[in-house]
Amino acid sequence: MQHGYQCGMIWGAALAAGAQAYRLYGAGPKAEAGAIKAAQRIVESFRAQKNHINCLEITEIDKSSTTLQMIMFFLVKGGTIGCFRMAAKYAPVAFSEINSAFSEDNIEAPSPPVSCAAILAEKMGLSEQHIVMLAGFAGGIGLCGGACGALGAAIWIMEYNRGKEEATKMDFKNPAALDKIERFLKCTDYKFDCSETVGRKFENIDDHAAYLRDGGCSEIIETLAAE
């Protein structure tokens with residue numbers, strides 16, 4: 001939603017990883033753990049390629065940028081072409097990371113719940129497949145501590161449901177999405193990043209699952225799930 005956080009290519013690759021996890025393992029903790037594991041690899045490979053994972057750090061623009069800054073990026077610097085080239089270069093890397101994550105076949109399923117984003121998706125009535133697809137968003141995508149994965153999942157779910165009802169494209173000024181972001185920020189004392197909201201980064205999937213079992217982020221999830 002143009003706030004400058006994780007590059008959309010990372011969110012998209014994490015969805016693809018979750019889709020593959022569902023194909024291999026169906027629904028449940030093992031699939032969700034696999035989606036998170038693959039998302040971890042996706043984030044690190046993207047960081048290795050671009051040195052950053054946030055859109056603002058890569059493009060130097062976000063929703064607060066001036067018209068002149070937008071013109072400089074999109075017209076003078078050829079920003080759109082650059083992003084397309086970056087996507088073309090990163091897609092096979094992400095594909096390889098996803099395949100590698102699942103080829104090891106050593107994914108252990110912690111006691112549920114596993115993913116904050118998956119909990120949210122279930123509360124919002126999504127199918128088992130879509131629940132697993134969103135699981136990798138956990139902990140700010142693959143536990144990297146970035147912008148809240150549950151928030152990203154909530155926005156994606158809203159746009160997905162809107163797309164089923166009408167022929168539409170992504171609306172960066174969708175009033176319903178902006179309202180959900182505002183309610184989220186009030187709930188988190190105006191913090192976007194998972195690591196700031198929680199006060200730390202999660203060590204691993206088991207650590208994140210234990211945090212959820214102890215009621216962690218329950219208020220945030222309920223806030224995002226509310227109509």
# chains A, B, ... in the order shown; residues from 1 in each chain; ligands from 1

call {"tool": "closest_atom_pairs", "arguments": {"of": "segment 110-145 of chain A", "to": "segment 33-51 of chain A", "cutoff": "10 Å", "atoms": "only C-alpha atoms", "output": "JSON lines"}}
result
{"residue": "A:Pro110", "atom": "CA", "partner": "A:Ala33", "partner_atom": "CA", "distance": 7.6}
{"residue": "A:Pro112", "atom": "CA", "partner": "A:Ala33", "partner_atom": "CA", "distance": 9.9}
{"residue": "A:Val114", "atom": "CA", "partner": "A:Ala33", "partner_atom": "CA", "distance": 6.7}
{"residue": "A:Ser115", "atom": "CA", "partner": "A:Ala33", "partner_atom": "CA", "distance": 7.9}
{"residue": "A:Val132", "atom": "CA", "partner": "A:Ala35", "partner_atom": "CA", "distance": 7.1}
{"residue": "A:Met133", "atom": "CA", "partner": "A:Ala35", "partner_atom": "CA", "distance": 7.3}
{"residue": "A:Leu134", "atom": "CA", "partner": "A:Ala35", "partner_atom": "CA", "distance": 8.1}
{"residue": "A:Ala135", "atom": "CA", "partner": "A:Ala35", "partner_atom": "CA", "distance": 6.0}
{"residue": "A:Gly136", "atom": "CA", "partner": "A:Ile36", "partner_atom": "CA", "distance": 4.0}
{"residue": "A:Phe137", "atom": "CA", "partner": "A:Ile36", "partner_atom": "CA", "distance": 7.2}
{"residue": "A:Ala138", "atom": "CA", "partner": "A:Ile36", "partner_atom": "CA", "distance": 6.9}
{"residue": "A:Gly139", "atom": "CA", "partner": "A:Ile36", "partner_atom": "CA", "distance": 9.1}
{"residue": "A:Ile141", "atom": "CA", "partner": "A:Ala39", "partner_atom": "CA", "distance": 6.4}
{"residue": "A:Gly142", "atom": "CA", "partner": "A:Gln40", "partner_atom": "CA", "distance": 4.3}
{"residue": "A:Leu143", "atom": "CA", "partner": "A:Gln40", "partner_atom": "CA", "distance": 6.9}
{"residue": "A:Cys144", "atom": "CA", "partner": "A:Gln40", "partner_atom": "CA", "distance": 7.2}

call {"tool": "closest_residue", "arguments": {"among": "A:Pro113, A:Gly4, A:Gly145, A:Pro92", "to": "Ala210 of chain A", "atoms": "only C-alpha atoms"}}
result
A:Pro113

call {"tool": "residues_around", "arguments": {"residues": "segment 180-189 of chain A", "least_positions_apart": "5", "cutoff": "12 Å", "atoms": "only C-alpha atoms", "output": "PyMOL selection string"}}
result
chain A and resi 1-3+147-158+172-175+194-199+217-227

call {"tool": "atom_distance", "arguments": {"atom1": "atom CA of Lys191 of chain A", "atom2": "atom CA of Asp171 of chain A"}}
result
22.8 Å

call {"tool": "atom_distance", "arguments": {"atom1": "atom CA of Phe73 of chain A", "atom2": "atom CA of Leu178 of chain A"}}
result
24.7 Å
